[in-house]
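Q: Provided herewith: my_file35.cif, mmCIF, C-alpha atoms.
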data_start
loop_
_atom_site.label_atom_id
_atom_site.label_comp_id
_atom_site.auth_asym_id
_atom_site.auth_seq_id
_atom_site.Cartn_x
_atom_site.Cartn_y
_atom_site.Cartn_z
CA LEU A 1 209.88 230.26 15.42
CA GLN A 2 210.48 233.76 14.11
CA ALA A 3 208.79 236.46 16.18
CA SER A 4 207.24 238.02 13.09
CA LYS A 5 205.53 234.71 12.26
CA SER A 6 204.64 233.46 15.76
CA LYS A 7 202.44 236.52 16.51
CA LEU A 8 203.33 236.13 20.20
CA LEU A 9 204.45 239.76 20.26
CA ASP A 10 202.42 242.55 18.76
CA PRO A 11 204.02 244.83 16.12
CA GLU A 12 204.53 247.66 18.64
CA GLN A 13 206.56 245.39 20.95
CA LEU A 14 208.69 244.19 18.07
CA GLN A 15 209.32 247.76 16.93
CA ASP A 16 210.33 248.76 20.46
CA ALA A 17 212.81 245.87 20.56
CA ARG A 18 214.18 246.83 17.12
CA ASP A 19 214.67 250.42 18.29
CA GLU A 20 216.67 249.32 21.35
CA MET A 21 219.25 247.15 19.51
CA THR A 22 221.12 246.99 16.26
CA GLU A 23 219.43 245.44 13.23
CA GLU A 24 221.82 242.47 13.40
CA GLU A 25 221.06 241.87 17.09
CA PHE A 26 217.32 242.07 16.41
CA MET A 27 217.57 239.57 13.53
CA GLN A 28 219.51 237.13 15.73
CA GLU A 29 217.33 237.45 18.80
CA TYR A 30 213.83 237.74 17.34
CA GLU A 31 214.06 236.43 13.77
CA LEU A 32 216.49 233.53 14.44
CA SER A 33 218.78 234.65 11.62
CA TRP A 34 222.13 232.86 12.02
CA ASN A 35 223.70 234.84 9.15
CA ALA A 36 223.13 238.25 10.70
CA ALA A 37 226.56 239.31 11.94
CA ILE A 38 226.53 240.98 15.36
CA LYS A 39 229.35 243.10 16.64
CA TRP A 40 230.43 240.77 19.45
CA ALA A 41 230.22 237.53 17.44
CA VAL A 42 233.59 235.85 16.91
CA TYR A 43 232.83 234.75 13.35
CA GLY A 44 230.02 237.10 12.35
CA LYS A 45 231.87 238.61 9.38
CA GLU A 46 232.99 235.21 8.09
CA PHE A 47 229.46 233.81 8.22
CA SER A 48 228.04 236.76 6.32
CA ILE A 49 230.65 236.26 3.59
CA ALA A 50 230.07 232.50 3.40
CA ASN A 51 226.34 232.99 3.09
CA ALA A 52 226.79 235.60 0.35
CA GLU A 53 229.14 233.25 -1.53
CA GLY A 54 226.61 230.43 -1.44
CA ARG A 55 228.63 228.07 0.76
CA MET A 56 225.62 227.13 2.90
CA VAL A 57 223.82 224.53 0.78
CA GLU A 58 222.12 221.14 1.15
CA TRP A 59 223.43 217.67 0.36
CA LEU A 60 227.21 218.06 0.57
CA TYR A 61 227.92 214.40 1.40
CA GLU A 62 230.06 212.40 -1.06
CA PRO A 63 229.70 208.63 -0.37
CA TRP A 64 233.06 207.69 -1.90
CA ILE A 65 235.07 209.92 0.47
CA PRO A 66 235.73 208.94 4.12
CA VAL A 67 234.42 211.06 6.97
CA SER A 68 236.40 212.42 9.93
CA THR A 69 234.76 213.46 13.18
CA PHE A 70 235.92 216.16 15.58
CA TRP A 71 234.63 216.07 19.13
CA ASP A 72 234.14 218.28 22.13
CA ILE A 73 233.24 216.17 25.15
CA GLY A 74 231.47 217.45 28.23
CA PHE A 75 230.37 215.96 31.53
CA ALA A 76 227.38 218.10 32.52
CA ASP A 77 227.87 220.15 29.35
CA ALA A 78 226.99 219.12 25.83
CA THR A 79 228.99 216.63 23.80
CA VAL A 80 229.43 217.60 20.16
CA ALA A 81 230.76 215.84 17.09
CA LEU A 82 231.29 217.42 13.68
CA PHE A 83 231.29 215.19 10.59
CA VAL A 84 233.75 216.49 8.02
CA GLN A 85 234.78 215.58 4.48
CA VAL A 86 237.43 217.15 2.27
CA VAL A 87 236.49 217.19 -1.41
CA TRP A 88 239.35 218.65 -3.44
CA LYS A 89 239.89 221.97 -1.70
CA GLU A 90 236.50 222.16 -0.02
CA ILE A 91 236.10 221.38 3.67
CA ARG A 92 232.53 220.12 3.96
CA ILE A 93 230.72 219.91 7.28
CA ILE A 94 228.04 217.38 6.42
CA ASP A 95 226.56 216.50 9.81
CA HIS A 96 226.43 217.64 13.43
CA TYR A 97 225.73 215.69 16.62
CA LYS A 98 224.98 217.42 19.92
CA ALA A 99 223.66 215.81 23.08
CA VAL A 100 223.46 216.72 26.77
CA ARG A 101 223.90 214.33 29.71
CA THR A 102 224.43 211.25 27.58
CA SER A 103 227.07 208.61 28.26
CA LEU A 104 230.07 208.36 25.99
CA ILE A 105 228.92 204.88 25.02
CA GLU A 106 225.57 206.29 23.88
CA ASP A 107 227.39 208.95 21.88
CA CYS A 108 229.51 206.32 20.15
CA GLU A 109 226.43 204.27 19.31
CA VAL A 110 224.92 207.26 17.52
CA ILE A 111 228.11 207.80 15.51
CA ASN A 112 228.18 204.10 14.54
CA SER A 113 224.55 204.25 13.44
CA LYS A 114 225.39 206.75 10.70
CA ILE A 115 225.90 205.57 7.12
CA TYR A 116 229.38 207.06 6.85
CA GLU A 117 232.69 205.29 6.37
CA TYR A 118 235.06 206.82 8.89
CA ASP A 119 238.70 207.67 8.46
CA LYS A 120 239.49 209.15 11.87
CA HIS A 121 237.83 210.29 15.08
CA TRP A 122 239.62 213.24 16.69
CA PHE A 123 239.17 213.96 20.41
CA PRO A 124 240.37 216.81 22.63
CA HIS A 125 243.35 216.26 24.89
CA ASP A 126 241.18 216.02 28.03
CA ILE A 127 239.71 212.72 26.88
CA ALA A 128 242.49 211.16 28.96
CA VAL A 129 240.41 211.63 32.13
CA HIS A 130 237.93 209.05 33.42
CA ASP A 131 234.25 208.86 32.53
CA LYS A 132 232.02 209.65 35.50
CA GLY A 133 229.44 207.08 34.46
CA THR A 134 231.75 204.08 34.14
CA TRP A 135 234.99 205.33 35.74
CA MET A 136 236.79 203.90 32.73
CA ALA A 137 239.33 205.94 30.83
CA ARG A 138 237.30 207.80 28.23
CA MET A 139 239.87 207.07 25.52
CA SER A 140 239.47 203.35 26.24
CA ILE A 141 235.71 203.68 25.77
CA VAL A 142 235.92 205.34 22.37
CA GLU A 143 238.66 202.99 21.20
CA GLU A 144 236.48 200.03 22.10
CA HIS A 145 233.37 201.34 20.38
CA LEU A 146 234.86 203.27 17.44
CA TRP A 147 237.92 201.08 16.64
CA TYR A 148 241.16 201.94 18.44
CA ASP A 149 243.15 202.57 15.24
CA LYS A 150 240.66 205.23 14.12
CA CYS A 151 240.83 207.29 17.34
CA ASP A 152 243.37 210.01 18.00
CA THR A 153 243.80 213.02 20.25
CA ILE A 154 244.35 216.67 19.46
CA LYS A 155 247.20 218.48 21.15
CA LYS A 156 246.25 221.25 23.54
CA GLY A 157 246.53 224.68 21.99
CA SER A 158 245.49 228.23 22.77
CA ILE A 159 241.96 229.30 22.03
CA SER A 160 243.18 232.39 20.18
CA GLY A 161 245.45 230.25 18.02
CA GLY A 162 242.55 227.97 17.17
CA ILE A 163 240.35 230.94 16.29
CA ASN A 164 243.02 232.25 13.92
CA ALA A 165 243.19 228.81 12.28
CA TRP A 166 239.39 228.87 12.05
CA ARG A 167 239.46 232.16 10.14
CA ILE A 168 242.24 231.03 7.81
CA VAL A 169 240.48 227.87 6.62
CA PHE A 170 236.91 229.22 6.71
CA LYS A 171 237.21 230.52 3.14
CA ASP A 172 237.22 226.87 2.03
CA VAL A 173 234.46 225.69 4.40
CA TRP A 174 231.04 224.59 3.19
CA ILE A 175 228.26 223.77 5.69
CA ASP A 176 225.07 221.85 5.04
CA SER A 177 222.34 224.46 5.41
CA ARG A 178 220.06 221.94 7.15
CA LEU A 179 222.34 221.91 10.23
CA GLU A 180 220.46 224.75 11.89
CA ASP A 181 221.68 223.98 15.43
CA LEU A 182 225.30 224.09 14.30
CA LEU A 183 224.84 227.29 12.30
CA ASN A 184 223.11 228.91 15.23
CA ASP A 185 225.87 227.87 17.66
CA LEU A 186 228.71 229.07 15.45
CA SER A 187 227.04 232.38 14.64
CA LEU A 188 226.29 233.07 18.34
CA TYR A 189 229.79 232.19 19.56
CA HIS A 190 230.79 235.52 21.08
CA TYR A 191 233.29 237.41 23.17
CA GLU A 192 232.37 238.13 26.77
CA TRP A 193 232.19 241.72 27.97
CA ASP A 194 234.46 242.76 30.86
CA ASP A 195 232.63 245.36 32.96
CA LYS A 196 235.77 246.31 34.91
CA MET A 197 238.00 246.87 31.88
CA TRP A 198 235.15 248.16 29.72
CA THR A 199 236.16 245.98 26.81
CA PHE A 200 235.69 242.45 25.49
CA LYS A 201 237.67 239.67 27.15
CA LYS A 202 240.44 237.85 25.29
CA ASP A 203 238.62 234.52 25.03
CA PRO A 204 235.00 233.93 23.96
CA SER A 205 232.26 233.12 26.42
CA HIS A 206 231.84 229.51 27.54
CA ASP A 207 228.16 228.77 27.03
CA PHE A 208 225.78 226.63 24.96
CA ALA A 209 227.36 227.80 21.69
CA SER A 210 230.98 227.17 22.62
CA HIS A 211 230.89 223.36 22.34
CA SER A 212 230.20 223.33 18.61
CA ALA A 213 232.69 226.16 18.15
CA ASP A 214 235.36 224.20 20.04
CA ALA A 215 234.80 221.14 17.84
CA TYR A 216 235.17 223.30 14.76
CA ARG A 217 238.31 224.91 16.20
CA TYR A 218 239.85 221.47 16.64
CA MET A 219 239.03 220.67 13.02
CA ALA A 220 240.61 223.90 11.79
CA THR A 221 243.90 223.13 13.53
CA HIS A 222 244.03 219.76 11.71
CA TYR A 223 243.36 221.14 8.26
CA HIS A 224 246.58 219.72 6.80
CA GLU A 225 245.87 216.23 8.15
CA LEU A 226 242.46 216.34 6.45
CA MET A 227 244.03 217.37 3.15
CA ASP A 228 246.63 214.61 3.38
CA THR A 229 243.88 212.06 4.05
CA PHE A 230 242.02 213.14 0.91
CA LYS A 231 245.17 213.00 -1.21
CA GLY A 232 245.86 209.48 0.04
CA TRP A 233 242.35 208.34 -0.85
CA VAL A 234 242.54 209.90 -4.30
CA ILE A 235 245.82 208.10 -5.00
CA GLN A 236 244.42 204.78 -3.75
CA TRP A 237 241.30 205.30 -5.86
CA GLN A 238 243.48 205.92 -8.91
CA VAL A 239 245.72 202.93 -8.17
CA ASP A 240 242.67 200.68 -7.85
CA ASP A 241 241.71 201.87 -11.36
CA PRO A 242 237.95 202.51 -11.04
CA TYR A 243 237.59 202.50 -14.81
CA GLY A 244 238.37 198.80 -15.09
CA ASP A 245 241.60 199.02 -17.12
CA ASP A 246 243.62 196.15 -15.69
CA THR A 247 246.67 197.18 -17.75
CA TYR A 248 246.97 200.54 -16.00
CA GLU A 249 249.77 200.82 -13.45
CA ILE A 250 250.85 203.90 -11.59
CA SER A 251 254.57 204.55 -11.28
CA PHE A 252 256.34 205.93 -8.27
CA GLU A 253 257.06 209.13 -10.20
CA GLU A 254 253.37 209.51 -11.06
CA GLU A 255 252.45 209.01 -7.42
CA ILE A 256 254.84 211.78 -6.42
CA ASP A 257 253.34 214.00 -9.10
CA LEU A 258 249.88 213.29 -7.75
CA LEU A 259 250.94 214.30 -4.27
CA ASP A 260 252.91 217.39 -5.22
CA GLY A 261 251.59 218.65 -8.51
CA TRP A 262 248.38 216.67 -9.11
CA MET A 263 248.60 215.36 -12.67
CA ASN A 264 245.76 216.15 -15.05
CA TYR A 265 244.78 212.71 -16.35
CA GLU A 266 242.71 212.19 -19.50
CA ASN A 267 239.74 211.33 -17.30
CA ASN A 268 239.39 215.07 -16.61
CA TRP A 269 240.63 215.11 -13.06
CA PRO A 270 241.18 218.72 -12.04
CA VAL A 271 244.68 220.14 -11.71
CA LEU A 272 245.23 221.11 -8.08
CA ASP A 273 248.56 222.89 -8.20
CA ASP A 274 247.39 225.36 -5.56
CA TYR A 275 247.30 222.73 -2.80
#
Take the structure in this file and express it as structure tokens.

A:
Amino acid sequence: LQASKSKLLDPEQLQDARDEMTEEEFMQEYELSWNAAIKWAVYGKEFSIANAEGRMVEWLYEPWIPVSTFWDIGFADATVALFVQVVWKEIRIIDHYKAVRTSLIEDCEVINSKIYEYDKHWFPHDIAVHDKGTWMARMSIVEEHLWYDKCDTIKKGSISGGINAWRIVFKDVWIDSRLEDLLNDLSLYHYEWDDKMWTFKKDPSHDFASHSADAYRYMATHYHELMDTFKGWVIQWQVDDPYGDDTYEISFEEEIDLLDGWMNYENNWPVLDDY
């Protein structure tokens, strides 16, 4: 609850707090404003731009497009899954799951309870270790409960490289504005201060916000795989001829054009030459 609305602090206390920090820090700490960029936030600038451009809206889910999930798995820490769709050039984060001290089986049950049709579940490289609850290989658990052919692992990469990928693709990212926990985590993902060197450390702080940020970082590094998945579904949708014209057949040349140049059919499909 926002401090100005809760009335737990009197106006003088709030003014004292505002005087001791920047306006952005005050809005984050006391007014729970996830779009107030603070100087040590990793993605503060990007979130301010996205909010100004209107890319934080409700109801982004498209039922005809498959959903991919990107996970960050913890033992004592939180387990996070992002639910992502690509719609033309938009990367849509439509849902967010975060739980603490749950078993991997319980996590999978929640994912299966959703209404989505899944294309792929992406897991970090450390899923190869064993689950403390069952002592089974964690990859075996998710393959059993989420279908083995839909589960894959993400190669280990540097955090800084993932952050750069994050920033590159963020201009095309849309996030459901109802996912307040996710927005709060991503906006509070911050660099840690080094008292000895009197500067910020190279990598961000590992805390409650980093799990959602890690899941998003994994998604950003697989941007091209997401785009290829969408292209494949569009082609299959066209081949299946949703308009009921049984005489329509797609040629190999037309398929190549769809992949590379994206033909503008008479049914007003957009031209996507910038892919």

Q: Would you list the contacts of stretch 182-186 of chain A as a list in words, taking every protein, DNA or RNA residue within 8 Å and counting only C-alpha atoms, but skipping same-chain residues closer than 2 positions in sequence?

A: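 Here the answer would be Trp34, Tyr43, His96, Ser177, Leu179, Glu180, Leu188, Tyr189, Phe208, Ala209, Ser210, Ser212 and Ala213 of chain A.
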
Q: Counting all atoms listed in the file, what is within 6 Å of stretch 158-172 of chain A, bar same-chain residues fewer than 6 positions away, as an MDAnalysis selection string?

A: chainID A and resid 90:91 217 220:221

Q: What lies within 8 Å of A:Ala78 using all atoms listed in the file, ignoring chain neighbours under 5 positions off, as a PyMOL selection string?

A: chain A and resi 73+98-101+208+211

Q: Evaluated on this file, the PyMOL selection byres ((chain A and resi 151) around 8) picks out some residues - which ones are they, written as number ranges by chain?

A: A: 120-123, 142-143, 146-150, 152-153

Q: One decimal, in Å: what's the spacing between atom CA of A:Ser187 and atom CA of A:Gly54?

A: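 If I compute the distance from atom CA of A:Ser187 to atom CA of A:Gly54, I get 16.2 Å.
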
Q: Name the closest residue to A:Arg138 among the candidates A:Asn51, A:Thr229, A:Ser103, A:Gln13; distances are taken between atoms, counting only C-alpha atoms.

A: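 Of A:Asn51, A:Thr229, A:Ser103, A:Gln13, the one nearest A:Arg138, counting only C-alpha atoms, is A:Ser103.
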
Q: Just to confirm, what's the straight-line distance from atom CA of A:Leu9 to atom CA of A:Ala41 in Å (one decimal)?

A: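 Going from atom CA of A:Leu9 over to atom CA of A:Ala41, I get 26.0 Å.
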
Q: Do you have the atom CA of A:Leu82-atom CA of A:Asp95 distance handy?

A: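 Atom-to-atom, atom CA of A:Leu82 to atom CA of A:Asp95, that is 6.2 Å.
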
Q: List, as an MDAnalysis selection string, every residue that the PyMOL selection byres ((chain A and resi 57) around 6) selects in the file provided.

A: chainID A and resid 55:56 58 176:177

Q: Include C-alpha atoms and write out the residues we just selected as an mmCIF file, in the frame of the given file.

A:
data_model
loop_
_atom_site.group_PDB
_atom_site.id
_atom_site.type_symbol
_atom_site.label_atom_id
_atom_site.label_comp_id
_atom_site.auth_asym_id
_atom_site.auth_seq_id
_atom_site.Cartn_x
_atom_site.Cartn_y
_atom_site.Cartn_z
ATOM 1 C CA ARG A 55 228.630 228.070 0.760
ATOM 2 C CA MET A 56 225.620 227.130 2.900
ATOM 3 C CA GLU A 58 222.120 221.140 1.150
ATOM 4 C CA ASP A 176 225.070 221.850 5.040
ATOM 5 C CA SER A 177 222.340 224.460 5.410
#

Q: When the PyMOL selection byres ((chain A and resi 224-227) around 9) is applied to the file above, which residues end up in the set, as JSON, numbers by chain?

A: {"A": [68, 84, 85, 86, 87, 88, 89, 91, 219, 220, 221, 222, 223, 228, 229, 230, 231, 232, 275]}

Q: For the residues selected in the previous step, produce a file with C-alpha atoms as a PDB file, in the frame of the given file.

A:
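As written to disk, out33.pdb reads:
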ATOM      1  CA  SER A  68     236.400 212.420   9.930  1.00  0.00           C
ATOM      2  CA  VAL A  84     233.750 216.490   8.020  1.00  0.00           C
ATOM      3  CA  GLN A  85     234.780 215.580   4.480  1.00  0.00           C
ATOM      4  CA  VAL A  86     237.430 217.150   2.270  1.00  0.00           C
ATOM      5  CA  VAL A  87     236.490 217.190  -1.410  1.00  0.00           C
ATOM      6  CA  TRP A  88     239.350 218.650  -3.440  1.00  0.00           C
ATOM      7  CA  LYS A  89     239.890 221.970  -1.700  1.00  0.00           C
ATOM      8  CA  ILE A  91     236.100 221.380   3.670  1.00  0.00           C
ATOM      9  CA  MET A 219     239.030 220.670  13.020  1.00  0.00           C
ATOM     10  CA  ALA A 220     240.610 223.900  11.790  1.00  0.00           C
ATOM     11  CA  THR A 221     243.900 223.130  13.530  1.00  0.00           C
ATOM     12  CA  HIS A 222     244.030 219.760  11.710  1.00  0.00           C
ATOM     13  CA  TYR A 223     243.360 221.140   8.260  1.00  0.00           C
ATOM     14  CA  ASP A 228     246.630 214.610   3.380  1.00  0.00           C
ATOM     15  CA  THR A 229     243.880 212.060   4.050  1.00  0.00           C
ATOM     16  CA  PHE A 230     242.020 213.140   0.910  1.00  0.00           C
ATOM     17  CA  LYS A 231     245.170 213.000  -1.210  1.00  0.00           C
ATOM     18  CA  GLY A 232     245.860 209.480   0.040  1.00  0.00           C
ATOM     19  CA  TYR A 275     247.300 222.730  -2.800  1.00  0.00           C
TER      20      TYR A 275
END

Q: Could you pull out every residue with an atom within 6 Å of (233.4, 235.8, 19.5), file coordinates, counting all atoms listed in the file, and send them as a list in words?

A: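 Nearby residues: Trp40, Ala41, Val42, Tyr189, His190, Tyr191 and Pro204 of chain A.
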
Q: Would you compute an axis-aligned box for stretch 210-225 of chain A, covering every atom listed for it in the file with 3 Å of margin on each side, and report centre and edge lengths in Å to one decimal as lines of an AutoDock Vina configuration file?

A:
center_x = 238.4
center_y = 221.7
center_z = 14.7
size_x = 22.4
size_y = 16.9
size_z = 21.8

Q: Hey, which of A:Tyr97, A:Trp71, A:Trp174, A:Trp64 ends up closest to A:Glu117? Count all atoms listed in the file.

A: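 Closest to A:Glu117, using all atoms listed in the file: A:Trp64.
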
Q: Measuring atom to atom with only C-alpha atoms, identify which of A:Val129, A:Val67, A:Ala137, A:Ile93 is nearest to A:Val173.

A: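 Answer, going by the shortest atom-to-atom distance: A:Ile93.
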
Q: Dump N, CA and C atoms of stretch 86-121 of chain A from the given block, as a PDB file, in the first residue's frame.

A:
ATOM      1  N   VAL A  86       5.329 -14.429 -28.793  1.00  0.00           N
ATOM      2  CA  VAL A  86       5.760 -13.486 -29.814  1.00  0.00           C
ATOM      3  C   VAL A  86       4.610 -13.293 -30.784  1.00  0.00           C
ATOM      4  N   VAL A  87       4.187 -12.053 -30.952  1.00  0.00           N
ATOM      5  CA  VAL A  87       3.100 -11.710 -31.864  1.00  0.00           C
ATOM      6  C   VAL A  87       3.655 -10.694 -32.853  1.00  0.00           C
ATOM      7  N   TRP A  88       3.904 -11.161 -34.081  1.00  0.00           N
ATOM      8  CA  TRP A  88       4.645 -10.377 -35.061  1.00  0.00           C
ATOM      9  C   TRP A  88       5.977  -9.977 -34.459  1.00  0.00           C
ATOM     10  N   LYS A  89       6.219  -8.714 -34.246  1.00  0.00           N
ATOM     11  CA  LYS A  89       7.524  -8.321 -33.711  1.00  0.00           C
ATOM     12  C   LYS A  89       7.469  -8.035 -32.215  1.00  0.00           C
ATOM     13  N   GLU A  90       6.331  -8.219 -31.606  1.00  0.00           N
ATOM     14  CA  GLU A  90       6.188  -7.930 -30.190  1.00  0.00           C
ATOM     15  C   GLU A  90       6.506  -9.158 -29.342  1.00  0.00           C
ATOM     16  N   ILE A  91       7.320  -8.958 -28.334  1.00  0.00           N
ATOM     17  CA  ILE A  91       7.578  -9.992 -27.330  1.00  0.00           C
ATOM     18  C   ILE A  91       6.664  -9.683 -26.151  1.00  0.00           C
ATOM     19  N   ARG A  92       5.682 -10.540 -25.918  1.00  0.00           N
ATOM     20  CA  ARG A  92       4.675 -10.269 -24.895  1.00  0.00           C
ATOM     21  C   ARG A  92       4.881 -11.175 -23.688  1.00  0.00           C
ATOM     22  N   ILE A  93       5.108 -10.571 -22.543  1.00  0.00           N
ATOM     23  CA  ILE A  93       5.157 -11.312 -21.286  1.00  0.00           C
ATOM     24  C   ILE A  93       3.752 -11.279 -20.710  1.00  0.00           C
ATOM     25  N   ILE A  94       3.071 -12.424 -20.774  1.00  0.00           N
ATOM     26  CA  ILE A  94       1.641 -12.463 -20.461  1.00  0.00           C
ATOM     27  C   ILE A  94       1.344 -12.982 -19.058  1.00  0.00           C
ATOM     28  N   ASP A  95       2.331 -13.630 -18.431  1.00  0.00           N
ATOM     29  CA  ASP A  95       2.072 -14.214 -17.115  1.00  0.00           C
ATOM     30  C   ASP A  95       3.399 -14.391 -16.384  1.00  0.00           C
ATOM     31  N   HIS A  96       3.307 -14.555 -15.073  1.00  0.00           N
ATOM     32  CA  HIS A  96       4.503 -14.642 -14.225  1.00  0.00           C
ATOM     33  C   HIS A  96       4.178 -15.546 -13.042  1.00  0.00           C
ATOM     34  N   TYR A  97       5.035 -16.538 -12.833  1.00  0.00           N
ATOM     35  CA  TYR A  97       4.870 -17.446 -11.689  1.00  0.00           C
ATOM     36  C   TYR A  97       6.097 -17.325 -10.803  1.00  0.00           C
ATOM     37  N   LYS A  98       5.877 -17.151  -9.504  1.00  0.00           N
ATOM     38  CA  LYS A  98       6.973 -17.067  -8.541  1.00  0.00           C
ATOM     39  C   LYS A  98       6.559 -17.747  -7.257  1.00  0.00           C
ATOM     40  N   ALA A  99       7.371 -18.663  -6.783  1.00  0.00           N
ATOM     41  CA  ALA A  99       7.052 -19.410  -5.564  1.00  0.00           C
ATOM     42  C   ALA A  99       8.343 -19.705  -4.803  1.00  0.00           C
ATOM     43  N   VAL A 100       8.211 -19.783  -3.488  1.00  0.00           N
ATOM     44  CA  VAL A 100       9.363 -20.043  -2.616  1.00  0.00           C
ATOM     45  C   VAL A 100       9.139 -21.346  -1.864  1.00  0.00           C
ATOM     46  N   ARG A 101      10.193 -22.174  -1.835  1.00  0.00           N
ATOM     47  CA  ARG A 101      10.177 -23.444  -1.085  1.00  0.00           C
ATOM     48  C   ARG A 101       9.069 -24.384  -1.546  1.00  0.00           C
ATOM     49  N   THR A 102       8.847 -24.437  -2.830  1.00  0.00           N
ATOM     50  CA  THR A 102       7.942 -25.428  -3.407  1.00  0.00           C
ATOM     51  C   THR A 102       8.779 -26.480  -4.123  1.00  0.00           C
ATOM     52  N   SER A 103       8.214 -27.665  -4.285  1.00  0.00           N
ATOM     53  CA  SER A 103       8.916 -28.703  -5.030  1.00  0.00           C
ATOM     54  C   SER A 103       8.779 -28.433  -6.521  1.00  0.00           C
ATOM     55  N   LEU A 104       9.685 -28.994  -7.289  1.00  0.00           N
ATOM     56  CA  LEU A 104       9.633 -28.813  -8.735  1.00  0.00           C
ATOM     57  C   LEU A 104       8.374 -29.450  -9.319  1.00  0.00           C
ATOM     58  N   ILE A 105       7.927 -30.516  -8.698  1.00  0.00           N
ATOM     59  CA  ILE A 105       6.682 -31.160  -9.140  1.00  0.00           C
ATOM     60  C   ILE A 105       5.498 -30.216  -8.936  1.00  0.00           C
ATOM     61  N   GLU A 106       5.458 -29.541  -7.785  1.00  0.00           N
ATOM     62  CA  GLU A 106       4.388 -28.569  -7.536  1.00  0.00           C
ATOM     63  C   GLU A 106       4.436 -27.429  -8.547  1.00  0.00           C
ATOM     64  N   ASP A 107       5.643 -26.985  -8.876  1.00  0.00           N
ATOM     65  CA  ASP A 107       5.786 -25.914  -9.858  1.00  0.00           C
ATOM     66  C   ASP A 107       5.240 -26.352 -11.216  1.00  0.00           C
ATOM     67  N   CYS A 108       5.563 -27.573 -11.614  1.00  0.00           N
ATOM     68  CA  CYS A 108       5.085 -28.085 -12.898  1.00  0.00           C
ATOM     69  C   CYS A 108       3.566 -28.209 -12.918  1.00  0.00           C
ATOM     70  N   GLU A 109       2.992 -28.594 -11.795  1.00  0.00           N
ATOM     71  CA  GLU A 109       1.531 -28.720 -11.725  1.00  0.00           C
ATOM     72  C   GLU A 109       0.852 -27.373 -11.946  1.00  0.00           C
ATOM     73  N   VAL A 110       1.448 -26.307 -11.406  1.00  0.00           N
ATOM     74  CA  VAL A 110       0.882 -24.976 -11.617  1.00  0.00           C
ATOM     75  C   VAL A 110       0.948 -24.606 -13.094  1.00  0.00           C
ATOM     76  N   ILE A 111       2.088 -24.873 -13.728  1.00  0.00           N
ATOM     77  CA  ILE A 111       2.245 -24.541 -15.145  1.00  0.00           C
ATOM     78  C   ILE A 111       1.231 -25.320 -15.983  1.00  0.00           C
ATOM     79  N   ASN A 112       1.013 -26.587 -15.662  1.00  0.00           N
ATOM     80  CA  ASN A 112       0.035 -27.402 -16.402  1.00  0.00           C
ATOM     81  C   ASN A 112      -1.403 -26.967 -16.159  1.00  0.00           C
ATOM     82  N   SER A 113      -1.656 -26.298 -15.057  1.00  0.00           N
ATOM     83  CA  SER A 113      -3.018 -25.867 -14.750  1.00  0.00           C
ATOM     84  C   SER A 113      -3.432 -24.630 -15.544  1.00  0.00           C
ATOM     85  N   LYS A 114      -2.463 -23.984 -16.193  1.00  0.00           N
ATOM     86  CA  LYS A 114      -2.779 -22.794 -16.983  1.00  0.00           C
ATOM     87  C   LYS A 114      -3.511 -23.200 -18.268  1.00  0.00           C
ATOM     88  N   ILE A 115      -4.153 -22.238 -18.883  1.00  0.00           N
ATOM     89  CA  ILE A 115      -4.943 -22.511 -20.091  1.00  0.00           C
ATOM     90  C   ILE A 115      -4.092 -22.511 -21.356  1.00  0.00           C
ATOM     91  N   TYR A 116      -2.815 -22.246 -21.247  1.00  0.00           N
ATOM     92  CA  TYR A 116      -1.988 -22.027 -22.424  1.00  0.00           C
ATOM     93  C   TYR A 116      -1.609 -23.319 -23.136  1.00  0.00           C
ATOM     94  N   GLU A 117      -1.409 -23.194 -24.446  1.00  0.00           N
ATOM     95  CA  GLU A 117      -0.785 -24.260 -25.226  1.00  0.00           C
ATOM     96  C   GLU A 117       0.699 -23.929 -25.324  1.00  0.00           C
ATOM     97  N   TYR A 118       1.534 -24.862 -24.882  1.00  0.00           N
ATOM     98  CA  TYR A 118       2.961 -24.569 -24.772  1.00  0.00           C
ATOM     99  C   TYR A 118       3.737 -25.050 -25.993  1.00  0.00           C
ATOM    100  N   ASP A 119       4.704 -24.237 -26.364  1.00  0.00           N
ATOM    101  CA  ASP A 119       5.642 -24.622 -27.410  1.00  0.00           C
ATOM    102  C   ASP A 119       6.911 -25.196 -26.805  1.00  0.00           C
ATOM    103  N   LYS A 120       7.488 -24.490 -25.824  1.00  0.00           N
ATOM    104  CA  LYS A 120       8.757 -24.918 -25.248  1.00  0.00           C
ATOM    105  C   LYS A 120       8.878 -24.398 -23.822  1.00  0.00           C
ATOM    106  N   HIS A 121       9.548 -25.202 -22.990  1.00  0.00           N
ATOM    107  CA  HIS A 121       9.903 -24.775 -21.640  1.00  0.00           C
ATOM    108  C   HIS A 121      11.426 -24.713 -21.576  1.00  0.00           C
TER     109      HIS A 121
END
